[in-house]
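Chemist: The structure's right below; bear with me while I get my questions together.
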Amino acid sequence: MPVEPAEDRSLSPYTGRTRAHWEATADALLAAVAPYATDDQALYHFPRDRTSSAGRLSDGLEGYARTLLLAGFRRDEKVLERYARGLAAGTAGVWPRVEDRSQPLVEAASIALALRLTRPLLWDRLDDGVRQRAAAWLGDALTAEPWACNWELFPVTVGGFLQEVGHEPKASRAAIDRGLERIEQWYLGDGWYTDGHGRKFDHYNGWAMHLYPVLHAWLADDARLLDLYAGRLEAHLGDYARLFGGDGAPMLQGRSLTYRFAATAPLWLGALTGRTPLSPGETRRLASGALGYFLDRGAVDGAGLLTLGWHGPDEAILQHYSGPASPYWASKAFVALLLPPEHEVWTATEEPGPAERADAVTPVGPPNWLLQSTCSDGLVRLHNHGSEDVRYDPYYTRLAYSTVTAPSPSYDNSVIVGAGAGRTRIVPLGVGEGWAASRHAVSEGVEACCLVVARGAVEVRAHLVSGADPGTAVRITGWAARDGARSELLPVHGLSGAGEGVTGDGPSLFVALVRLTADRDPLPLTDLVSVRVTTPEDTGSGAYDVTVIWAAGGTACFRFDGSGGIVPLNGGDVTGIP
C-alpha cells in the first residue's frame, strides 16, 4: 500500500497536507479497490451488505466507472491498463445498456470524462475494435432521456468526448446543446442552480451543475462557454467557501452525502480555470481540510475502501440509489490533480477559510439561506428558508443545518403543531443582512411564518402559527447537538421553558433565543440580545411586531403582517452597528 507522506506544517500550517498527500490518497484508494474487480476487470463488486435500487450488475459497473474517474484524474499508466482491459470486456456484452433514466447513463458520464482526460494514455492505445464497441456503448447516452435534474449533464459529458474522437459528431453536438440548454431553466443567478424543478439546493450545485459544464468547456478549449460557466462558478464560490467549518467539515445538508469530499471539487475547479474569488492558499486549506476531516473519521475502512456514510458507515444518510460503489463519486475531488505541482495552489502557504477569519452572517439570495459562522469554534450554521425536497427528508426541509450536527428523527429545528411536524410548500419571504424568513405548511390547513435574526452564535427565532384550532399544542425545537457542541433554547414569547406553548384565537406568535456553540463558557443569551414583541392589540394593525435589540449595538424590526408575510420595518438592516 502507498505510504502516507509526512506532514508539512510550514507549507500547510492548517492541515499539514500537500499535493503528495492527495496523490497518496488517490493511490491508496485505487490500490484498495483492485482486488474486488472481476477477472475481466469490467465490474467492481465491493463487500457491502447492500444493493442499490439499480441492481447488482449496475452496481458493479458503478464500481468500475467511478474508480476509473479517480484513475483518470491520477493518470497513472499502470493503473489505467487494468481499466483498459475492463473497458474491452465491459463493452463486449458485460455491461448493461444505457437506457432512458437508467443508472448506466450516470456511469457512462464518468467513463467518458475519464477517457477524455486520459486520451493519449488509454483511448489512443486501444484496438480499433474496442474503440468502436466503447463508442457504440457510450453512444446510447446521446439519446437516452435523463431525469430532469443534474442528469441532463451526463449526455453532455458523453457527447463532449465522442465529439472529440469523431464518433457521431452531429448526435454528439446535439446532446451537448440540448443538455446545456435545459439546465438554463434552473440557473437562478449569483452562481446558484436548483437541481431540477422546484427549489432543490444542495451539494449538487458544486459537484455536478458547475463541474460538468466547466470541465466540458475547459477540455473543449471553448473560450465562450468557459467564460460563461466558469464565471458562474466564480460567483458560486464566494458563498460556497462559507459552507466549510473550521474543522474542515462541509455542510451536512442535502442528499448523496456519502460522496463526502467530492464537495471540494468546485474549489479546485475554480483554481484550474483561474475563476475563483479564493486565494490559492485558501483553496487548498479548505479542500485539504475537508479531505482530512473524512479520512480522520472513518470514511475509509480497514480494507482501504470508502464506506457508505458520512464519517463511518451510516445508513441514515443513504438513498435508495446508494450502492456499494456510490461513495466513489468522491473521486471528483481529485480534479485537484489536474493542477500541476508547480501551480500556485500547491506552492502557496495555506490561509484560513472564512469560518476561521471572523464571525459572519451572510445572506445568500437564490436559495434564501442565511449562513452564520463563528471563528472562536469554527462552526457554520445554514438557516434554510428556501430549499425543499421532501423525497430526501430530513436533509432538506429543516429550518437549519450545520457542520457539526445531523438532523434528528425527533424533529430538531422544527415547528411542531399538534401532531404535525412537516415543512412543505416552502415560500421564501426574503433574506437580508442578518436575517432570513419563509412560510411553510406544517400540516393540512396549518402554516407557519418563520423568521431568524442572527449575530455571532446567537439566533432569534420567531414563528407565527396560523390555521390551528385554539388550544393546539405547539413545540419549537432547536439544535440536536453532538461532537462537542452545545445547544440552547430560551423561550421569549408564547413558550414555556421546554419550548412548548398553545395557540390562541387566530394567528399565534412564538419566539425563542437559540444557540449552537462549541465555546466552553459563552455569555448568557440574555446578556447578548433582548426581544420586544408588540401584539396585534397594541399595534392596532392586526400584526405582530418583533424588535431585536443587540446588547453590542443595533436593532432590527420585523412585522408579521397576518397575511402570510414578514416585512422588515427598517429594511431588515441592523442599525447602529459600528
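Residue numbering restarts at 1 for every chain of the C-alpha cells, chains are lettered A, B, ... in their displayed order, and ligands are numbered from 1 as they appear.
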For range 264-266 of chain A, please output as a short mmCIF file (atom, residue, chain, number, x, y, z; two decimals) with C-alpha atoms, in the first residue's frame all residues within 7 Å (counting only C-alpha atoms; exclusion window: fewer than 5 positions along the same chain).
Modeler:
```
data_model
loop_
_atom_site.label_atom_id
_atom_site.label_comp_id
_atom_site.auth_asym_id
_atom_site.auth_seq_id
_atom_site.Cartn_x
_atom_site.Cartn_y
_atom_site.Cartn_z
CA GLY A 206 -20.85 22.26 -6.95
CA TRP A 207 -20.12 18.64 -7.79
CA LEU A 211 -18.46 20.69 -12.51
CA ALA A 287 -10.06 21.32 0.26
CA LYS A 332 -14.36 14.16 -8.26
CA ALA A 333 -12.28 15.74 -5.53
CA VAL A 335 -9.79 17.13 -10.16
#
```
Chemist: Env of range 99-113 of chain A: 7 Å cut, atoms = only C-alpha atoms, seq-sep filter 3 positions within chain, self excluded. Answer as a list in words.
Modeler: Ala54, Ser58, Glu62, Ala65, Arg66, Leu68, Leu69, Pro96, Arg116, Leu117, Leu138, Ala141, Ala144, Glu145, Pro146, Trp147, Phe154, Thr157, Val158 and Phe161 of chain A
Chemist: To one decimal in Å, tell me the separation between CA of Gly86 in chain A and CA of Gly179 in chain A.
Modeler: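 CA of Gly86 in chain A sits 28.5 Å away from CA of Gly179 in chain A.
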Chemist: Can you tell me which residues surround Arg515 in chain A at a distance of at most 12 Å, considering only C-alpha atoms, apart from same-chain residues fewer than 3 positions away, and format the answer as an mmCIF file with N, CA, C and O atoms, in the first residue's frame?
Modeler:
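The resulting file, selection_34.cif, is reproduced below:
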```
data_model
loop_
_atom_site.group_PDB
_atom_site.id
_atom_site.type_symbol
_atom_site.label_atom_id
_atom_site.label_comp_id
_atom_site.auth_asym_id
_atom_site.auth_seq_id
_atom_site.Cartn_x
_atom_site.Cartn_y
_atom_site.Cartn_z
ATOM 1 N N GLN A 372 -24.315 31.454 8.954
ATOM 2 C CA GLN A 372 -23.880 32.034 10.216
ATOM 3 C C GLN A 372 -22.653 31.263 10.708
ATOM 4 O O GLN A 372 -22.726 30.070 10.957
ATOM 5 N N SER A 373 -21.522 31.941 10.827
ATOM 6 C CA SER A 373 -20.303 31.253 11.263
ATOM 7 C C SER A 373 -19.646 32.014 12.398
ATOM 8 O O SER A 373 -19.759 33.234 12.495
ATOM 9 N N THR A 374 -18.952 31.265 13.250
ATOM 10 C CA THR A 374 -18.247 31.853 14.382
ATOM 11 C C THR A 374 -16.820 31.342 14.388
ATOM 12 O O THR A 374 -16.582 30.132 14.341
ATOM 13 N N LEU A 379 -17.655 26.856 13.858
ATOM 14 C CA LEU A 379 -18.939 26.282 13.449
ATOM 15 C C LEU A 379 -19.587 27.128 12.357
ATOM 16 O O LEU A 379 -19.511 28.356 12.371
ATOM 17 N N VAL A 380 -20.250 26.435 11.423
ATOM 18 C CA VAL A 380 -21.046 27.103 10.397
ATOM 19 C C VAL A 380 -22.466 26.567 10.488
ATOM 20 O O VAL A 380 -22.689 25.359 10.565
ATOM 21 N N ARG A 381 -23.415 27.494 10.459
ATOM 22 C CA ARG A 381 -24.828 27.128 10.518
ATOM 23 C C ARG A 381 -25.521 27.652 9.262
ATOM 24 O O ARG A 381 -25.248 28.779 8.842
ATOM 25 N N ALA A 400 -32.762 24.581 9.918
ATOM 26 C CA ALA A 400 -31.335 24.884 9.973
ATOM 27 C C ALA A 400 -30.511 23.602 9.946
ATOM 28 O O ALA A 400 -30.959 22.543 10.406
ATOM 29 N N SER A 402 -25.999 22.399 10.083
ATOM 30 C CA SER A 402 -24.694 22.913 10.460
ATOM 31 C C SER A 402 -23.602 21.934 10.069
ATOM 32 O O SER A 402 -23.867 20.822 9.605
ATOM 33 N N ASN A 413 -34.871 21.576 15.025
ATOM 34 C CA ASN A 413 -35.032 22.766 14.182
ATOM 35 C C ASN A 413 -36.356 22.764 13.418
ATOM 36 O O ASN A 413 -36.396 22.932 12.198
ATOM 37 N N VAL A 452 -35.610 34.183 11.266
ATOM 38 C CA VAL A 452 -34.416 34.078 12.092
ATOM 39 C C VAL A 452 -33.617 35.366 11.935
ATOM 40 O O VAL A 452 -33.480 35.895 10.828
ATOM 41 N N VAL A 453 -33.149 35.881 13.070
ATOM 42 C CA VAL A 453 -32.257 37.031 13.097
ATOM 43 C C VAL A 453 -31.018 36.579 13.863
ATOM 44 O O VAL A 453 -31.134 36.017 14.957
ATOM 45 N N ALA A 454 -29.835 36.788 13.294
ATOM 46 C CA ALA A 454 -28.639 36.178 13.869
ATOM 47 C C ALA A 454 -27.491 37.166 13.972
ATOM 48 O O ALA A 454 -27.353 38.083 13.170
ATOM 49 N N ARG A 455 -26.672 36.947 14.996
ATOM 50 C CA ARG A 455 -25.397 37.651 15.136
ATOM 51 C C ARG A 455 -24.495 36.796 16.027
ATOM 52 O O ARG A 455 -24.955 36.264 17.042
ATOM 53 N N GLY A 456 -23.215 36.695 15.662
ATOM 54 C CA GLY A 456 -22.338 35.803 16.412
ATOM 55 C C GLY A 456 -22.895 34.396 16.380
ATOM 56 O O GLY A 456 -23.248 33.886 15.319
ATOM 57 N N ALA A 457 -23.017 33.774 17.540
ATOM 58 C CA ALA A 457 -23.622 32.442 17.621
ATOM 59 C C ALA A 457 -25.087 32.499 18.012
ATOM 60 O O ALA A 457 -25.742 31.457 18.147
ATOM 61 N N VAL A 458 -25.610 33.706 18.207
ATOM 62 C CA VAL A 458 -26.961 33.877 18.739
ATOM 63 C C VAL A 458 -27.980 33.938 17.611
ATOM 64 O O VAL A 458 -27.752 34.575 16.580
ATOM 65 N N GLU A 459 -29.103 33.287 17.840
ATOM 66 C CA GLU A 459 -30.220 33.320 16.898
ATOM 67 C C GLU A 459 -31.482 33.742 17.638
ATOM 68 O O GLU A 459 -31.754 33.264 18.738
ATOM 69 N N VAL A 460 -32.241 34.624 17.037
ATOM 70 C CA VAL A 460 -33.594 34.910 17.485
ATOM 71 C C VAL A 460 -34.526 34.274 16.467
ATOM 72 O O VAL A 460 -34.471 34.611 15.278
ATOM 73 N N ARG A 461 -35.326 33.329 16.915
ATOM 74 C CA ARG A 461 -36.274 32.663 16.015
ATOM 75 C C ARG A 461 -37.697 33.026 16.422
ATOM 76 O O ARG A 461 -38.074 32.891 17.594
ATOM 77 N N THR A 477 -38.413 23.520 18.373
ATOM 78 C CA THR A 477 -37.192 22.784 18.698
ATOM 79 C C THR A 477 -35.966 23.481 18.129
ATOM 80 O O THR A 477 -36.044 24.194 17.125
ATOM 81 N N GLY A 478 -34.830 23.244 18.775
ATOM 82 C CA GLY A 478 -33.559 23.805 18.334
ATOM 83 C C GLY A 478 -32.640 22.725 17.817
ATOM 84 O O GLY A 478 -33.080 21.746 17.207
ATOM 85 N N TRP A 479 -31.365 22.892 18.083
ATOM 86 C CA TRP A 479 -30.346 22.024 17.513
ATOM 87 C C TRP A 479 -30.241 20.689 18.246
ATOM 88 O O TRP A 479 -30.370 20.634 19.464
ATOM 89 N N ALA A 480 -29.961 19.628 17.499
ATOM 90 C CA ALA A 480 -29.618 18.321 18.062
ATOM 91 C C ALA A 480 -28.106 18.260 18.125
ATOM 92 O O ALA A 480 -27.437 17.802 17.200
ATOM 93 N N ALA A 481 -27.536 18.755 19.219
ATOM 94 C CA ALA A 481 -26.085 18.950 19.304
ATOM 95 C C ALA A 481 -25.345 17.636 19.455
ATOM 96 O O ALA A 481 -25.852 16.662 20.007
ATOM 97 N N ALA A 485 -20.425 20.129 20.600
ATOM 98 C CA ALA A 485 -21.213 21.354 20.528
ATOM 99 C C ALA A 485 -22.340 21.301 21.564
ATOM 100 O O ALA A 485 -22.749 20.237 22.007
ATOM 101 N N ARG A 486 -22.849 22.468 21.919
ATOM 102 C CA ARG A 486 -23.912 22.571 22.914
ATOM 103 C C ARG A 486 -25.060 23.386 22.332
ATOM 104 O O ARG A 486 -24.838 24.395 21.650
ATOM 105 N N SER A 487 -26.283 22.943 22.615
ATOM 106 C CA SER A 487 -27.475 23.594 22.092
ATOM 107 C C SER A 487 -28.251 24.250 23.227
ATOM 108 O O SER A 487 -28.386 23.684 24.314
ATOM 109 N N GLU A 488 -28.771 25.442 22.960
ATOM 110 C CA GLU A 488 -29.609 26.142 23.929
ATOM 111 C C GLU A 488 -30.865 26.643 23.229
ATOM 112 O O GLU A 488 -30.823 27.042 22.064
ATOM 113 N N LEU A 489 -31.982 26.661 23.979
ATOM 114 C CA LEU A 489 -33.224 27.267 23.505
ATOM 115 C C LEU A 489 -33.892 27.924 24.704
ATOM 116 O O LEU A 489 -34.230 27.253 25.681
ATOM 117 N N LEU A 490 -34.040 29.230 24.630
ATOM 118 C CA LEU A 490 -34.590 30.003 25.739
ATOM 119 C C LEU A 490 -35.872 30.690 25.278
ATOM 120 O O LEU A 490 -35.843 31.554 24.392
ATOM 121 N N ALA A 512 -38.171 32.475 20.469
ATOM 122 C CA ALA A 512 -37.154 31.872 21.325
ATOM 123 C C ALA A 512 -35.774 32.366 20.924
ATOM 124 O O ALA A 512 -35.530 32.722 19.765
ATOM 125 N N ALA A 518 -19.693 25.669 20.345
ATOM 126 C CA ALA A 518 -18.700 24.779 20.935
ATOM 127 C C ALA A 518 -17.798 25.549 21.897
ATOM 128 O O ALA A 518 -16.836 24.989 22.416
ATOM 129 N N ASP A 519 -18.105 26.814 22.114
ATOM 130 C CA ASP A 519 -17.358 27.593 23.100
ATOM 131 C C ASP A 519 -17.641 27.057 24.499
ATOM 132 O O ASP A 519 -18.787 26.711 24.822
ATOM 133 N N PRO A 522 -19.681 30.534 27.036
ATOM 134 C CA PRO A 522 -20.250 31.696 26.363
ATOM 135 C C PRO A 522 -21.066 32.549 27.332
ATOM 136 O O PRO A 522 -21.568 32.060 28.352
ATOM 137 N N LEU A 523 -21.203 33.806 27.011
ATOM 138 C CA LEU A 523 -22.055 34.681 27.809
ATOM 139 C C LEU A 523 -23.503 34.217 27.744
ATOM 140 O O LEU A 523 -23.933 33.647 26.736
ATOM 141 N N PRO A 524 -24.280 34.450 28.791
ATOM 142 C CA PRO A 524 -25.706 34.095 28.733
ATOM 143 C C PRO A 524 -26.390 34.794 27.567
ATOM 144 O O PRO A 524 -26.071 35.938 27.226
ATOM 145 N N LEU A 525 -27.342 34.107 26.972
ATOM 146 C CA LEU A 525 -28.046 34.669 25.822
ATOM 147 C C LEU A 525 -28.683 36.013 26.153
ATOM 148 O O LEU A 525 -28.670 36.946 25.341
ATOM 149 N N THR A 526 -29.243 36.117 27.359
ATOM 150 C CA THR A 526 -29.938 37.356 27.720
ATOM 151 C C THR A 526 -28.980 38.523 27.923
ATOM 152 O O THR A 526 -29.421 39.678 27.978
ATOM 153 N N LEU A 528 -26.728 39.113 25.686
ATOM 154 C CA LEU A 528 -26.319 39.443 24.325
ATOM 155 C C LEU A 528 -27.424 40.051 23.484
ATOM 156 O O LEU A 528 -27.158 40.810 22.548
ATOM 157 N N VAL A 529 -28.677 39.715 23.805
ATOM 158 C CA VAL A 529 -29.788 40.169 22.973
ATOM 159 C C VAL A 529 -31.068 40.215 23.806
ATOM 160 O O VAL A 529 -31.237 39.442 24.762
#
```
Chemist: Determine the nearest neighbour of Glu168 in chain A from the options A:Val156, A:Leu399, A:Ile476, A:Ala136, counting only C-alpha atoms.
Modeler: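 Among the listed residues, the smallest separation from Glu168 in chain A belongs to A:Ala136.
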Chemist: When distances are computed from only C-alpha atoms, which of A:Ala26, A:Leu278, A:Ala358, A:Leu370 shows the smallest separation from Val3 in chain A?
Modeler: A:Ala26
